[in-house]
Amino acid sequence: MASKKKAKELQKARYVPRGLAPCGHDVVRERLTKLAMAVRTGTPVALHHAYVFAGPDGIGKHTMAMWWAQELKCERHGGCGECPSCRQIMAGSHPDVVVLESEGQGKKIGIDPVRELIRKMSLRAQHSGPRFSVIRGAHLLSFEAQNAMLKLLEEPPGHAVIVLITPAVGGLLATVRSRCQVLRFDALSEAPLLSILEAAGVPPAEHKARVAACEGSAARALALDEEALAAREELIEAFEALRKDPFADLEELTRQLAEKSGNRDENLLVLFYWQMQKARSAARANAPETATLVAQAERTSATIRMLAAGVNAKVAIRDMLLDVRG
């Protein structure tokens, strides 16, 4: 009995993620770990050929994808971080791992790079494990590019896995979505965010403010500077003042906020959404924290920007409601 318990502990320790280890998202990580272990041991497993990693920007979806590539391609025992394959994946030079992304902020991904991706994915893997590709910002794939991908998704080679990463599933054609398994990533909780900030050397005195302001996004938490944090505190104070005085001049507050951000329309959206939340909270006789309202309003504004970029409205709004549910 003791020997079996010890063997189980050793097996568990053996697969602790290293190298590109993601923070948080334990449920998704456990599922991907089981799939990778089954592939390595030859266990019959329903490893799908295409996955969508969906969730807000900056929460670790790409890190999870590259970590999974290590788990699948490691030459030792899965994600060791030390073998040639793991090192090549971390360096972005593994011959069996392809990453495709937009060449500029918000720029569409055209059909030519997708055709090249399809060509590479049809080749035999040079090392053990499947060929692996990641498309960052998959919602930026043009209509033609997504249609070109359908052949790969409909008739996938048996030795390839493709991961589409997006904050807006609505930006993917229904025909593409239906051929993928969608894994939803939620915003990061406080614990993993604090771990990331600590590992990045951010002064402890800034941790609380960054976590409160980042909407669960590690990328945003790391990017925030003193000016951005101060601006957000001013926004929260303005909303607090409005809550105390329901007859306050919304137009004047909007004007003041617009002067700071240079984007009047977005601030009107934030105020409108906050007013909706205030009405709902009053009906429940349980007003939520203002900081939470601000974060949800910011998420709403991000959704509006996605709609303006042409993503599927129904799916984008559903994603937003999932993110701000409460």
# chains A, B, ... in the order shown; residues from 1 in each chain; ligands from 1

$ residues_around --residues "segment 160-169 of chain A" --least-positions-apart "3" --cutoff "8 Å" --atoms "only C-alpha atoms" --output "mmCIF file with N, CA and C atoms, in the first residue's frame"
data_model
loop_
_atom_site.group_PDB
_atom_site.id
_atom_site.type_symbol
_atom_site.label_atom_id
_atom_site.label_comp_id
_atom_site.auth_asym_id
_atom_site.auth_seq_id
_atom_site.Cartn_x
_atom_site.Cartn_y
_atom_site.Cartn_z
ATOM 1 N N HIS A 48 -8.386 16.017 -29.608
ATOM 2 C CA HIS A 48 -8.987 16.675 -30.766
ATOM 3 C C HIS A 48 -7.894 17.338 -31.596
ATOM 4 N N HIS A 49 -8.194 17.636 -32.832
ATOM 5 C CA HIS A 49 -7.195 18.247 -33.709
ATOM 6 C C HIS A 49 -7.181 19.763 -33.619
ATOM 7 N N ALA A 50 -8.246 20.376 -33.070
ATOM 8 C CA ALA A 50 -8.309 21.841 -33.031
ATOM 9 C C ALA A 50 -9.017 22.311 -31.763
ATOM 10 N N TYR A 51 -8.425 23.310 -31.128
ATOM 11 C CA TYR A 51 -8.979 23.882 -29.901
ATOM 12 C C TYR A 51 -9.022 25.402 -30.023
ATOM 13 N N VAL A 52 -10.011 25.998 -29.395
ATOM 14 C CA VAL A 52 -10.069 27.452 -29.245
ATOM 15 C C VAL A 52 -9.835 27.765 -27.779
ATOM 16 N N PHE A 53 -8.807 28.557 -27.491
ATOM 17 C CA PHE A 53 -8.569 29.065 -26.140
ATOM 18 C C PHE A 53 -9.217 30.450 -26.090
ATOM 19 N N ALA A 54 -10.353 30.552 -25.421
ATOM 20 C CA ALA A 54 -11.134 31.787 -25.428
ATOM 21 C C ALA A 54 -11.128 32.454 -24.060
ATOM 22 N N GLY A 55 -11.008 33.767 -24.052
ATOM 23 C CA GLY A 55 -11.029 34.514 -22.803
ATOM 24 C C GLY A 55 -10.389 35.867 -22.994
ATOM 25 N N PRO A 56 -10.493 36.744 -21.999
ATOM 26 C CA PRO A 56 -9.942 38.097 -22.112
ATOM 27 C C PRO A 56 -8.456 38.112 -22.446
ATOM 28 N N ASP A 57 -8.008 39.217 -23.001
ATOM 29 C CA ASP A 57 -6.591 39.358 -23.336
ATOM 30 C C ASP A 57 -5.721 39.379 -22.076
ATOM 31 N N LYS A 61 -3.405 32.777 -21.989
ATOM 32 C CA LYS A 61 -3.836 31.752 -22.956
ATOM 33 C C LYS A 61 -2.667 31.298 -23.831
ATOM 34 N N HIS A 62 -1.855 32.250 -24.282
ATOM 35 C CA HIS A 62 -0.710 31.885 -25.122
ATOM 36 C C HIS A 62 0.331 31.105 -24.316
ATOM 37 N N ALA A 65 -0.820 27.638 -24.085
ATOM 38 C CA ALA A 65 -0.662 26.912 -25.346
ATOM 39 C C ALA A 65 0.778 26.449 -25.539
ATOM 40 N N MET A 121 1.663 22.209 -41.507
ATOM 41 C CA MET A 121 0.947 21.261 -40.660
ATOM 42 C C MET A 121 0.713 19.929 -41.365
ATOM 43 N N SER A 122 0.801 19.918 -42.682
ATOM 44 C CA SER A 122 0.594 18.669 -43.422
ATOM 45 C C SER A 122 1.847 17.796 -43.450
ATOM 46 N N PRO A 130 2.920 15.324 -31.803
ATOM 47 C CA PRO A 130 2.291 15.902 -32.992
ATOM 48 C C PRO A 130 2.932 17.224 -33.411
ATOM 49 N N ARG A 131 2.724 17.592 -34.674
ATOM 50 C CA ARG A 131 3.017 18.966 -35.064
ATOM 51 C C ARG A 131 2.020 19.855 -34.339
ATOM 52 N N PHE A 132 2.443 21.053 -33.989
ATOM 53 C CA PHE A 132 1.633 21.890 -33.101
ATOM 54 C C PHE A 132 1.660 23.324 -33.631
ATOM 55 N N SER A 133 0.491 23.921 -33.782
ATOM 56 C CA SER A 133 0.458 25.309 -34.243
ATOM 57 C C SER A 133 -0.448 26.146 -33.355
ATOM 58 N N VAL A 134 -0.099 27.408 -33.236
ATOM 59 C CA VAL A 134 -0.854 28.361 -32.427
ATOM 60 C C VAL A 134 -1.156 29.578 -33.290
ATOM 61 N N ILE A 135 -2.411 29.994 -33.321
ATOM 62 C CA ILE A 135 -2.786 31.243 -33.994
ATOM 63 C C ILE A 135 -3.215 32.232 -32.923
ATOM 64 N N ARG A 136 -2.385 33.238 -32.700
ATOM 65 C CA ARG A 136 -2.700 34.277 -31.713
ATOM 66 C C ARG A 136 -3.595 35.329 -32.369
ATOM 67 N N GLY A 137 -4.628 35.753 -31.653
ATOM 68 C CA GLY A 137 -5.555 36.722 -32.238
ATOM 69 C C GLY A 137 -6.307 36.116 -33.408
ATOM 70 N N ALA A 138 -6.841 34.910 -33.196
ATOM 71 C CA ALA A 138 -7.495 34.192 -34.295
ATOM 72 C C ALA A 138 -8.706 34.939 -34.842
ATOM 73 N N HIS A 139 -9.311 35.816 -34.035
ATOM 74 C CA HIS A 139 -10.451 36.605 -34.524
ATOM 75 C C HIS A 139 -10.033 37.597 -35.604
ATOM 76 N N PRO A 156 -8.102 16.992 -41.002
ATOM 77 C CA PRO A 156 -6.821 17.234 -40.331
ATOM 78 C C PRO A 156 -5.883 16.038 -40.446
ATOM 79 N N PRO A 157 -4.592 16.299 -40.599
ATOM 80 C CA PRO A 157 -3.637 15.185 -40.533
ATOM 81 C C PRO A 157 -3.656 14.612 -39.126
ATOM 82 N N LEU A 172 -14.754 34.428 -35.038
ATOM 83 C CA LEU A 172 -14.517 33.214 -35.831
ATOM 84 C C LEU A 172 -15.803 32.807 -36.539
ATOM 85 N N ARG A 177 -15.718 27.558 -35.711
ATOM 86 C CA ARG A 177 -15.997 27.252 -34.299
ATOM 87 C C ARG A 177 -16.527 25.843 -34.132
ATOM 88 N N MET A 306 -14.777 45.578 -30.124
ATOM 89 C CA MET A 306 -14.759 44.359 -30.938
ATOM 90 C C MET A 306 -15.902 44.361 -31.951
ATOM 91 N N VAL A 311 -16.710 41.720 -35.322
ATOM 92 C CA VAL A 311 -16.909 40.364 -34.812
ATOM 93 C C VAL A 311 -18.400 40.086 -34.682
ATOM 94 N N VAL A 315 -22.260 36.452 -30.351
ATOM 95 C CA VAL A 315 -21.250 35.709 -29.602
ATOM 96 C C VAL A 315 -20.410 36.644 -28.742
ATOM 97 N N ALA A 316 -20.060 37.832 -29.273
ATOM 98 C CA ALA A 316 -19.241 38.784 -28.513
ATOM 99 C C ALA A 316 -19.976 39.245 -27.257
ATOM 100 N N ASP A 319 -20.046 36.471 -24.694
ATOM 101 C CA ASP A 319 -18.753 36.379 -24.016
ATOM 102 C C ASP A 319 -18.627 37.443 -22.944
#

$ residues_around --residues "Cys74 of chain A" --least-positions-apart "5" --cutoff "10 Å" --atoms "only C-alpha atoms" --output "PyMOL selection string"
chain A and resi 36+40+68-69+79-87+89+127-129

$ write_last_selection --atoms "N, CA and C atoms" --output "mmCIF file, in the first residue's frame"
data_model
loop_
_atom_site.group_PDB
_atom_site.id
_atom_site.type_symbol
_atom_site.label_atom_id
_atom_site.label_comp_id
_atom_site.auth_asym_id
_atom_site.auth_seq_id
_atom_site.Cartn_x
_atom_site.Cartn_y
_atom_site.Cartn_z
ATOM 1 N N ALA A 36 -1.965 15.210 -22.668
ATOM 2 C CA ALA A 36 -0.551 15.057 -23.025
ATOM 3 C C ALA A 36 0.023 13.756 -22.472
ATOM 4 N N ARG A 40 1.655 10.617 -24.646
ATOM 5 C CA ARG A 40 3.018 10.126 -24.421
ATOM 6 C C ARG A 40 3.044 8.637 -24.091
ATOM 7 N N TRP A 68 1.609 23.680 -23.209
ATOM 8 C CA TRP A 68 1.043 22.418 -23.676
ATOM 9 C C TRP A 68 1.896 21.832 -24.806
ATOM 10 N N ALA A 69 2.437 22.707 -25.657
ATOM 11 C CA ALA A 69 3.338 22.234 -26.712
ATOM 12 C C ALA A 69 4.535 21.522 -26.088
ATOM 13 N N GLY A 79 7.237 18.391 -20.463
ATOM 14 C CA GLY A 79 7.460 19.742 -19.964
ATOM 15 C C GLY A 79 8.633 19.877 -19.026
ATOM 16 N N CYS A 80 9.731 19.157 -19.293
ATOM 17 C CA CYS A 80 10.871 19.214 -18.373
ATOM 18 C C CYS A 80 11.561 20.568 -18.401
ATOM 19 N N GLY A 81 11.443 21.287 -19.507
ATOM 20 C CA GLY A 81 12.078 22.595 -19.605
ATOM 21 C C GLY A 81 13.571 22.530 -19.864
ATOM 22 N N GLU A 82 14.116 21.320 -19.999
ATOM 23 C CA GLU A 82 15.576 21.172 -20.122
ATOM 24 C C GLU A 82 16.016 20.436 -21.385
ATOM 25 N N CYS A 83 15.170 19.565 -21.925
ATOM 26 C CA CYS A 83 15.561 18.803 -23.115
ATOM 27 C C CYS A 83 15.615 19.727 -24.332
ATOM 28 N N PRO A 84 16.238 19.281 -25.431
ATOM 29 C CA PRO A 84 16.316 20.113 -26.635
ATOM 30 C C PRO A 84 14.960 20.607 -27.132
ATOM 31 N N SER A 85 13.937 19.738 -27.122
ATOM 32 C CA SER A 85 12.617 20.154 -27.607
ATOM 33 C C SER A 85 12.025 21.269 -26.755
ATOM 34 N N CYS A 86 12.097 21.095 -25.443
ATOM 35 C CA CYS A 86 11.552 22.127 -24.541
ATOM 36 C C CYS A 86 12.287 23.449 -24.718
ATOM 37 N N ARG A 87 13.602 23.379 -24.832
ATOM 38 C CA ARG A 87 14.391 24.601 -24.995
ATOM 39 C C ARG A 87 14.069 25.285 -26.329
ATOM 40 N N ILE A 89 11.232 25.109 -27.967
ATOM 41 C CA ILE A 89 9.894 25.701 -27.866
ATOM 42 C C ILE A 89 9.958 27.019 -27.104
ATOM 43 N N HIS A 127 10.090 15.431 -34.773
ATOM 44 C CA HIS A 127 10.379 14.854 -33.456
ATOM 45 C C HIS A 127 9.117 14.187 -32.919
ATOM 46 N N SER A 128 9.246 13.466 -31.833
ATOM 47 C CA SER A 128 8.100 12.752 -31.269
ATOM 48 C C SER A 128 6.992 13.731 -30.873
ATOM 49 N N GLY A 129 5.773 13.227 -30.926
ATOM 50 C CA GLY A 129 4.637 14.076 -30.630
ATOM 51 C C GLY A 129 4.100 14.719 -31.895
#

$ atom_distance --atom1 "atom CA of Asp225 of chain A" --atom2 "atom CA of Pro203 of chain A"
11.8 Å

$ atom_distance --atom1 "atom CA of Glu71 of chain A" --atom2 "atom CA of Ser217 of chain A"
24.2 Å

$ closest_residue --among "A:Gly92, A:Gly110, A:Gly170, A:Gly42" --to "Ala148 of chain A" --atoms "only C-alpha atoms"
A:Gly110

$ residues_around --residues "Asp112 of chain A" --least-positions-apart "6" --cutoff "10 Å" --atoms "only C-alpha atoms" --output "JSON list (two decimals) with N, CA and C atoms, in the first residue's frame"
[["chain", "number", "residue", "atom", "x", "y", "z"],
["A", 118, "ILE", "N", -0.91, 25.82, -43.29],
["A", 118, "ILE", "CA", -1.53, 24.57, -43.71],
["A", 118, "ILE", "C", -0.47, 23.64, -44.32],
["A", 144, "GLU", "N", -11.38, 35.20, -45.87],
["A", 144, "GLU", "CA", -10.75, 34.27, -46.81],
["A", 144, "GLU", "C", -9.80, 33.32, -46.08],
["A", 145, "ALA", "N", -9.07, 33.85, -45.09],
["A", 145, "ALA", "CA", -8.13, 33.02, -44.35],
["A", 145, "ALA", "C", -8.87, 31.94, -43.55],
["A", 148, "ALA", "N", -10.03, 29.28, -45.84],
["A", 148, "ALA", "CA", -8.91, 28.44, -46.25],
["A", 148, "ALA", "C", -8.58, 27.41, -45.18]]

$ closest_residue --among "A:Val211, A:Leu152, A:Leu123, A:Leu35" --to "Ser195 of chain A" --atoms "only C-alpha atoms"
A:Val211

$ select_by_dssp --residues "segment 105-222 of chain A" --states "strand (DSSP E)" --output "JSON list (two decimals) with C-alpha atoms, in the first residue's frame"
[["chain", "number", "residue", "atom", "x", "y", "z"],
["A", 131, "ARG", "CA", 3.02, 18.97, -35.06],
["A", 132, "PHE", "CA", 1.63, 21.89, -33.10],
["A", 133, "SER", "CA", 0.46, 25.31, -34.24],
["A", 134, "VAL", "CA", -0.85, 28.36, -32.43],
["A", 135, "ILE", "CA", -2.79, 31.24, -33.99],
["A", 136, "ARG", "CA", -2.70, 34.28, -31.71],
["A", 160, "ALA", "CA", -1.26, 17.72, -35.87],
["A", 161, "VAL", "CA", -2.88, 19.92, -33.21],
["A", 162, "ILE", "CA", -3.93, 23.52, -33.80],
["A", 163, "VAL", "CA", -4.81, 26.07, -31.09],
["A", 164, "LEU", "CA", -6.70, 29.25, -31.94],
["A", 165, "ILE", "CA", -6.34, 31.96, -29.29],
["A", 166, "THR", "CA", -8.87, 34.77, -29.11],
["A", 181, "GLN", "CA", -13.31, 22.36, -29.01],
["A", 182, "VAL", "CA", -13.67, 25.63, -27.09],
["A", 183, "LEU", "CA", -11.86, 25.94, -23.75],
["A", 184, "ARG", "CA", -12.87, 29.03, -21.80]]

$ residues_around --residues "Ser189 of chain A" --least-positions-apart "4" --cutoff "9 Å" --atoms "only C-alpha atoms" --output "number ranges by chain"
A: 24, 193-194, 211, 216

$ write_last_selection --atoms "C-alpha atoms" --output "mmCIF file, in the first residue's frame"
data_model
loop_
_atom_site.group_PDB
_atom_site.id
_atom_site.type_symbol
_atom_site.label_atom_id
_atom_site.label_comp_id
_atom_site.auth_asym_id
_atom_site.auth_seq_id
_atom_site.Cartn_x
_atom_site.Cartn_y
_atom_site.Cartn_z
ATOM 1 C CA GLY A 24 -3.960 29.851 -12.710
ATOM 2 C CA LEU A 193 -1.758 37.711 -10.246
ATOM 3 C CA LEU A 194 0.239 38.333 -7.076
ATOM 4 C CA VAL A 211 -4.556 43.706 -9.033
ATOM 5 C CA GLY A 216 -7.748 39.800 -14.039
#

$ closest_residue --among "A:Leu72, A:Leu140, A:Ala231, A:Ala191" --to "Met37 of chain A" --atoms "only C-alpha atoms"
A:Leu72
